[in-house]
Structures are given as C-alpha cells and as structure tokens.
file protein02.txt (compact mmCIF, C-alpha atoms)
# COMPACT_ATOMS: atom_id res chain seq x y z
CA MET A 1 49.15 23.64 93.77
CA TYR A 2 47.83 20.21 92.85
CA ILE A 3 44.35 20.76 91.40
CA ILE A 4 41.75 18.30 90.13
CA VAL A 5 39.11 19.61 87.74
CA CYS A 6 36.02 17.45 87.32
CA GLY A 7 34.34 18.21 84.01
CA CYS A 8 35.94 19.22 80.72
CA GLY A 9 33.18 21.23 79.13
CA ARG A 10 33.79 24.80 78.02
CA VAL A 11 34.21 26.09 81.58
CA GLY A 12 36.26 23.15 82.82
CA ALA A 13 38.57 23.19 79.81
CA GLN A 14 39.26 26.91 80.09
CA LEU A 15 39.78 26.65 83.84
CA ALA A 16 42.19 23.72 83.49
CA THR A 17 44.13 25.42 80.70
CA MET A 18 44.42 28.65 82.66
CA LEU A 19 45.65 26.89 85.80
CA SER A 20 48.11 24.80 83.80
CA ASP A 21 49.46 27.94 82.11
CA GLU A 22 50.03 29.43 85.56
CA GLY A 23 52.25 26.49 86.50
CA HIS A 24 49.89 24.44 88.66
CA ASP A 25 49.73 20.64 88.51
CA VAL A 26 46.33 19.95 86.96
CA VAL A 27 44.39 16.72 86.46
CA VAL A 28 41.16 16.78 84.46
CA ILE A 29 38.45 14.14 84.85
CA ASP A 30 35.60 13.68 82.38
CA SER A 31 33.38 10.77 81.40
CA SER A 32 34.00 11.45 77.70
CA ALA A 33 37.47 11.18 76.19
CA ASP A 34 36.37 13.44 73.32
CA SER A 35 35.93 16.33 75.74
CA PHE A 36 39.68 16.57 76.25
CA ARG A 37 39.99 18.00 72.74
CA ARG A 38 38.83 21.29 74.25
CA LEU A 39 42.10 21.57 76.15
CA GLY A 40 44.67 23.74 74.44
CA SER A 41 47.75 22.26 72.83
CA GLY A 42 49.82 23.82 75.58
CA PHE A 43 48.02 21.96 78.35
CA ASN A 44 50.61 19.85 80.15
CA GLY A 45 48.46 18.25 82.84
CA LEU A 46 46.88 14.81 83.04
CA THR A 47 43.52 13.64 81.71
CA ILE A 48 41.49 10.74 83.10
CA VAL A 49 38.30 9.24 81.68
CA GLY A 50 35.73 8.45 84.36
CA ASN A 51 33.20 9.81 86.83
CA GLY A 52 34.34 12.44 89.28
CA PHE A 53 32.68 10.70 92.22
CA ASP A 54 34.18 7.26 91.51
CA GLU A 55 36.75 6.55 94.23
CA ARG A 56 38.97 4.52 91.92
CA VAL A 57 39.04 7.34 89.38
CA LEU A 58 39.73 9.92 92.08
CA GLU A 59 42.58 7.90 93.56
CA LYS A 60 44.06 7.48 90.10
CA ALA A 61 43.89 11.26 89.80
CA GLY A 62 45.84 11.65 93.04
CA ILE A 63 43.00 12.92 95.22
CA GLU A 64 44.97 12.14 98.40
CA ARG A 65 47.43 14.93 97.65
CA ALA A 66 45.06 17.40 96.01
CA ASP A 67 45.03 20.97 97.32
CA VAL A 68 41.88 21.87 95.40
CA PHE A 69 39.01 19.94 93.82
CA ALA A 70 36.72 21.81 91.41
CA ALA A 71 33.54 20.11 90.18
CA VAL A 72 32.42 22.11 87.14
CA THR A 73 30.35 19.71 85.01
CA ASN A 74 27.03 20.85 83.55
CA LEU A 75 25.09 18.70 86.02
CA ASP A 76 24.37 19.98 89.53
CA ASN A 77 23.87 16.49 90.97
CA THR A 78 27.23 15.32 89.63
CA ASN A 79 28.95 18.38 91.04
CA ILE A 80 27.45 17.97 94.50
CA MET A 81 28.21 14.24 94.63
CA ALA A 82 31.79 14.72 93.46
CA GLY A 83 32.25 17.62 95.85
CA GLN A 84 30.97 15.64 98.81
CA VAL A 85 33.23 12.68 98.06
CA ALA A 86 36.27 14.97 97.77
CA LYS A 87 35.36 16.82 100.97
CA LYS A 88 34.10 14.03 103.20
CA LEU A 89 36.10 10.99 102.11
CA TYR A 90 39.40 12.55 101.12
CA ASP A 91 39.39 15.76 103.16
CA VAL A 92 40.56 17.93 100.26
CA PRO A 93 41.36 21.37 101.75
CA LYS A 94 39.39 23.38 99.19
CA VAL A 95 36.39 22.03 97.29
CA ILE A 96 34.44 24.17 94.82
CA SER A 97 31.25 23.03 93.09
CA ARG A 98 29.62 24.74 90.15
CA VAL A 99 25.89 25.38 90.57
CA TYR A 100 23.40 26.05 87.79
CA TYR A 101 20.38 26.80 89.98
CA PRO A 102 20.85 29.55 92.62
CA ASP A 103 18.20 28.08 94.93
CA ARG A 104 20.48 25.09 95.52
CA GLU A 105 23.40 27.12 96.83
CA LYS A 106 22.21 27.11 100.45
CA THR A 107 21.94 23.32 100.38
CA TYR A 108 25.49 23.05 99.08
CA HIS A 109 26.72 25.41 101.78
CA ARG A 110 25.08 23.34 104.51
CA LEU A 111 27.07 20.40 103.20
CA GLY A 112 30.26 22.41 103.62
CA LEU A 113 30.81 23.03 99.91
CA GLU A 114 31.93 26.30 98.38
CA THR A 115 29.92 27.16 95.27
CA ILE A 116 30.19 29.20 92.11
CA CYS A 117 26.92 30.08 90.39
CA GLY A 118 27.15 31.76 87.00
CA THR A 119 23.51 32.83 87.19
CA THR A 120 24.13 34.70 90.45
CA LEU A 121 27.31 36.35 89.18
CA VAL A 122 25.62 37.61 86.03
CA ALA A 123 22.55 38.79 87.97
CA LYS A 124 24.74 40.80 90.36
CA ARG A 125 26.63 42.34 87.46
CA VAL A 126 23.41 43.38 85.72
CA ARG A 127 22.09 44.75 89.03
CA ASP A 128 25.18 46.91 89.43
CA ARG A 129 24.80 48.24 85.90
CA ILE A 130 21.12 49.06 86.50
CA LEU A 131 21.91 50.90 89.73
CA GLY A 132 24.74 52.79 88.10
CA HIS A 133 27.51 51.19 90.13
CA ASP A 134 29.85 51.17 87.17
CA LEU A 135 31.62 54.50 87.34
CA ALA A 136 34.38 53.99 89.88
CA VAL A 137 36.76 51.38 91.14
CA GLU A 138 35.78 49.90 94.51
CA GLU A 139 38.05 48.11 96.94
CA SER A 140 37.44 44.43 97.51
CA LEU A 141 36.88 43.24 101.04
CA ASN A 142 40.46 42.34 101.78
CA GLN A 143 41.60 45.91 101.07
CA LYS A 144 44.46 44.69 98.87
CA SER A 145 42.98 44.47 95.38
CA ARG A 146 40.15 45.70 93.22
CA PHE A 147 37.88 43.76 90.92
CA THR A 148 37.55 45.96 87.85
CA GLU A 149 36.16 46.21 84.35
CA MET A 150 37.77 48.17 81.53
CA LYS A 151 37.45 48.66 77.80
CA ALA A 152 40.31 47.37 75.66
CA THR A 153 42.42 50.33 74.54
CA SER A 154 44.84 50.46 71.61
CA ALA A 155 47.62 49.72 74.10
CA LEU A 156 45.95 46.39 74.90
CA VAL A 157 44.52 45.29 71.55
CA GLY A 158 46.61 42.64 69.82
CA LYS A 159 48.45 41.57 72.95
CA LYS A 160 48.21 38.23 74.71
CA VAL A 161 47.21 38.01 78.35
CA ALA A 162 50.74 36.89 79.28
CA GLU A 163 52.12 40.12 77.78
CA ILE A 164 49.65 42.29 79.70
CA GLU A 165 49.64 40.90 83.23
CA ILE A 166 51.93 42.23 85.93
CA PRO A 167 52.90 39.62 88.56
CA ASN A 168 51.20 40.22 91.92
CA GLN A 169 49.73 43.51 90.64
CA PHE A 170 47.48 43.04 87.62
CA ARG A 171 45.73 39.83 86.59
CA LEU A 172 43.15 39.30 83.86
CA VAL A 173 40.24 37.06 84.81
CA ALA A 174 37.89 37.11 81.83
CA ILE A 175 36.79 39.10 78.80
CA ILE A 176 33.36 39.99 77.52
CA ARG A 177 33.34 39.51 73.75
CA ASN A 178 30.17 39.76 71.67
CA ASN A 179 28.12 39.62 74.89
CA GLU A 180 29.75 36.34 75.92
CA ALA A 181 32.01 35.90 78.94
CA ILE A 182 35.25 34.05 78.21
CA ILE A 183 37.69 32.86 80.87
CA VAL A 184 41.15 33.84 79.65
CA SER A 185 44.36 31.85 79.44
CA SER A 186 47.87 33.21 78.98
CA ASP A 187 47.51 32.81 75.19
CA THR A 188 44.21 34.67 74.89
CA LYS A 189 44.63 37.68 72.60
CA ILE A 190 42.74 40.91 73.23
CA ILE A 191 40.81 42.30 70.25
CA SER A 192 39.07 45.59 69.62
CA GLY A 193 35.72 45.82 71.37
CA ASP A 194 36.66 43.50 74.24
CA THR A 195 35.71 44.39 77.78
CA ILE A 196 38.31 43.13 80.25
CA ILE A 197 37.53 41.84 83.73
CA ALA A 198 40.63 42.00 85.92
CA VAL A 199 42.00 42.21 89.43
CA VAL A 200 44.42 45.04 90.13
CA SER A 201 46.24 45.68 93.38
CA ILE A 202 45.35 49.04 94.91
CA GLU A 203 48.96 50.24 94.86
CA ALA A 204 49.30 49.45 91.13
CA THR A 205 46.10 51.12 89.94
CA GLU A 206 47.73 54.30 88.64
CA LYS A 207 50.57 52.30 87.10
CA VAL A 208 48.09 50.22 85.10
CA ARG A 209 46.13 53.33 84.07
CA ALA A 210 49.28 54.94 82.67
CA LEU A 211 50.78 51.82 81.13
CA TYR A 212 47.68 50.85 79.15
CA ASN A 213 46.05 54.27 78.75
CA VAL A 214 42.92 53.09 80.52
CA ASP A 215 40.69 56.10 81.07
CA ILE A 216 37.89 54.58 83.15
CA PHE A 217 37.88 51.63 85.54
CA MET A 218 34.34 50.45 86.21
CA LYS A 219 33.10 48.45 89.15
CA VAL A 220 31.93 44.95 88.33
CA GLY A 221 30.33 44.43 91.71
CA ASP A 222 31.11 42.85 95.04
CA LEU A 223 31.46 39.43 93.48
CA VAL A 224 34.77 38.39 94.94
CA SER A 225 37.22 39.13 97.67
CA LEU A 226 40.75 38.06 96.88
CA SER A 227 44.37 38.97 96.84
CA ILE A 228 46.44 38.55 93.70
CA GLU A 229 49.64 37.93 95.59
CA ASP A 230 51.21 34.52 94.91

call {"tool": "encode", "arguments": {"input": "protein02.txt", "output": "structure tokens"}}
result
Amino acid sequence: MYIIVCGCGRVGAQLATMLSDEGHDVVVIDSSADSFRRLGSGFNGLTIVGNGFDERVLEKAGIERADVFAAVTNLDNTNIMAGQVAKKLYDVPKVISRVYYPDREKTYHRLGLETICGTTLVAKRVRDRILGHDLAVEESLNQKSRFTEMKATSALVGKKVAEIEIPNQFRLVAIIRNNEAIIVSSDTKIISGDTIIAVVSIEATEKVRALYNVDIFMKVGDLVSLSIED
C-alpha cells in the first residue's frame, strides 16, 4: 500500500518504520527536519518537511495515489485538519487521525474520520485487568484472529520480531517494557520481562503455544477487530 504518515514523533516514527519494514511505500511528513532522525536506518521511504494540511506538501507526497493517510502528530487540531483535507479534498480511501482527548472522538467521527485514542485504549486495558478479563484468549469480532497478551518466554527472549512472526498466522503489534508501550518493528528484539501484544489466527493458536512455550494467553480487551491475512 501507499501510505502517508503525518507526524514523525515517537509514534509516527515507529509506525512509519514498521510499515516500511513490512514492504509498504511510506511517505512521512513533519514540520521539523530534525524529527526524521527518529526513523531507523533501515527506513527506505520518503521524508518531506512541511505541514500535513498544506495542499502543496500533500501533493508532493503523492496524496492523489495514497491508500491510507495517518495523522499522528501530538496536536489534535493538526490531526483533524490534516485528516479532513485528506478525506474531503483528495478522497483518500482510509484516513486515521490520532486523538489525545477522548471527548473529541465523536466530533471526529461525525466528520467521517477514523480515530485512534491512546487514552481510550489504555483505559480499556486497565478496565479489563480490574474486572479480571485477563485469563483467557477471546475471539475478535471477525472470528478469524485473536488479540492477545503473553509474557516473553525463554523461547522468545533474544529474538527479533522478524524471527518470531509467522506470516498470516502470528503478528506482533507492541511490547510493554518497563510499563511503557512500544510499537514494534521487524528489528525490535525481545528481552526478559517483556509483555508481548500480538494477533494470532485462531487456527494457529496451539501452534504458537507449542513453538514458543507460551503457557498463558491473556485477553487484552475488545480493542480491535482485524484479520492478519495479507
């Protein structure tokens, strides 16, 4: 896919690097050239200095052929403006805007924008822990995959994400390390103490259990519904 990422902060840089590692065509836009230093050395996409809602910048980034536009700066107003321009002016098929304040999500939705709110995701995860919804794997809504959490075992420690994942069956999404969530890339190495957030296809669950000696899969919560098929 051809993907434009607006914002190269910690989230934007990790997202762009991950997508690039997976073989997508990625363009990153940020108002500060220094921010591009956050991109890994293996990033092979394009970088453009400018505002994500500037039409000239967007056209330089190839907005007319973009499959996805993700606005993930640390400013809600910038994200909503950039998202609206991508959606309304250029008719990008999928537009995602990062939201810091949950009470703004409904406004974004009325504008036809899909949102991701870290505050809401964390709150739901904590809720599930409080209510004890962390003892069993649950099926996601599409009935094809499960969103799971697992402790890093000796079979996983020391390996890179690329060595662990199984195409169309098992995909790592993030890790919790020292109480901080980190979006993984193919080069991310698992260390002792990590908690792994992953998507596993229902049919491959037992295979993953046996391969990596994972004793307990724990539910993260109904945060996502997706298939991991390419």

call {"tool": "closest_residue", "arguments": {"input": "protein02.txt", "among": "A:Met1, A:Val57, A:Ile96, A:Ile202", "to": "Glu22 (chain A)", "atoms": "all atoms listed in the file"}}
result
A:Met1

call {"tool": "atom_distance", "arguments": {"input": "protein02.txt", "atom1": "CA of Gly23 (chain A)", "atom2": "CA of Arg146 (chain A)"}}
result
23.7 Å

call {"tool": "residues_around", "arguments": {"input": "protein02.txt", "residues": "Val11 (chain A)", "least_positions_apart": "3", "cutoff": "9 Å", "atoms": "only C-alpha atoms", "output": "PyMOL selection string"}}
result
chain A and resi 7-8+14-16+72-73+182-183

call {"tool": "closest_residue", "arguments": {"input": "protein02.txt", "among": "A:Ala155, A:Ala66, A:Ala162, A:Ile190", "to": "Ala210 (chain A)", "atoms": "only C-alpha atoms"}}
result
A:Ala155

call {"tool": "atom_distance", "arguments": {"input": "protein02.txt", "atom1": "CA of Leu58 (chain A)", "atom2": "CA of Gly83 (chain A)"}}
result
11.4 Å

call {"tool": "atom_distance", "arguments": {"input": "protein02.txt", "atom1": "CA of Ser31 (chain A)", "atom2": "CA of Gly52 (chain A)"}}
result
8.1 Å

call {"tool": "closest_residue", "arguments": {"input": "protein02.txt", "among": "A:Lys189, A:His24, A:Arg65, A:Arg56", "to": "Pro93 (chain A)", "atoms": "only C-alpha atoms"}}
result
A:Arg65

call {"tool": "residues_around", "arguments": {"input": "protein02.txt", "residues": "Ile166 (chain A)", "least_positions_apart": "4", "cutoff": "12 Å", "atoms": "all atoms listed in the file", "output": "count of residues only"}}
result
18

call {"tool": "residues_around", "arguments": {"input": "protein02.txt", "residues": "Asp54 (chain A)", "least_positions_apart": "5", "cutoff": "12 Å", "atoms": "only C-alpha atoms", "output": "number ranges by chain"}}
result
A: 6, 29-31, 48-49, 59-61, 63, 78, 81-86, 89

call {"tool": "residues_around", "arguments": {"input": "protein02.txt", "residues": "Ser192 (chain A)", "least_positions_apart": "4", "cutoff": "10 Å", "atoms": "only C-alpha atoms", "output": "ChimeraX atom specification"}}
result
/A:151-154,156-158,177

call {"tool": "closest_residue", "arguments": {"input": "protein02.txt", "among": "A:Ile80, A:Ala13, A:Val92, A:Ala70", "to": "His109 (chain A)", "atoms": "all atoms listed in the file"}}
result
A:Ile80

call {"tool": "decode", "arguments": {"input": "protein02.txt", "residues": "region 63-88 of chain A", "atoms": "C-alpha atoms", "output": "compact mmCIF listing (two decimals), in the first residue's frame"}}
result
# COMPACT_ATOMS: atom_id res chain seq x y z
CA ILE A 63 -1.67 12.19 -1.86
CA GLU A 64 -3.59 11.51 -5.09
CA ARG A 65 -2.48 7.88 -5.07
CA ALA A 66 -2.43 7.28 -1.32
CA ASP A 67 -4.31 4.27 0.02
CA VAL A 68 -4.01 5.42 3.62
CA PHE A 69 -3.36 8.73 5.37
CA ALA A 70 -2.48 8.64 9.08
CA ALA A 71 -2.31 11.91 11.03
CA VAL A 72 -0.42 11.11 14.24
CA THR A 73 1.13 14.39 15.39
CA ASN A 74 0.90 15.42 19.05
CA LEU A 75 -1.67 18.11 18.23
CA ASP A 76 -5.35 17.21 17.90
CA ASN A 77 -6.16 20.26 15.79
CA THR A 78 -3.40 19.45 13.31
CA ASN A 79 -4.58 15.85 13.07
CA ILE A 80 -8.20 16.79 12.43
CA MET A 81 -7.28 19.43 9.84
CA ALA A 82 -4.90 17.11 8.01
CA GLY A 83 -7.43 14.29 8.17
CA GLN A 84 -10.21 16.44 6.75
CA VAL A 85 -8.06 17.66 3.87
CA ALA A 86 -7.03 14.09 3.00
CA LYS A 87 -10.62 12.85 3.24
CA LYS A 88 -12.59 15.71 1.70
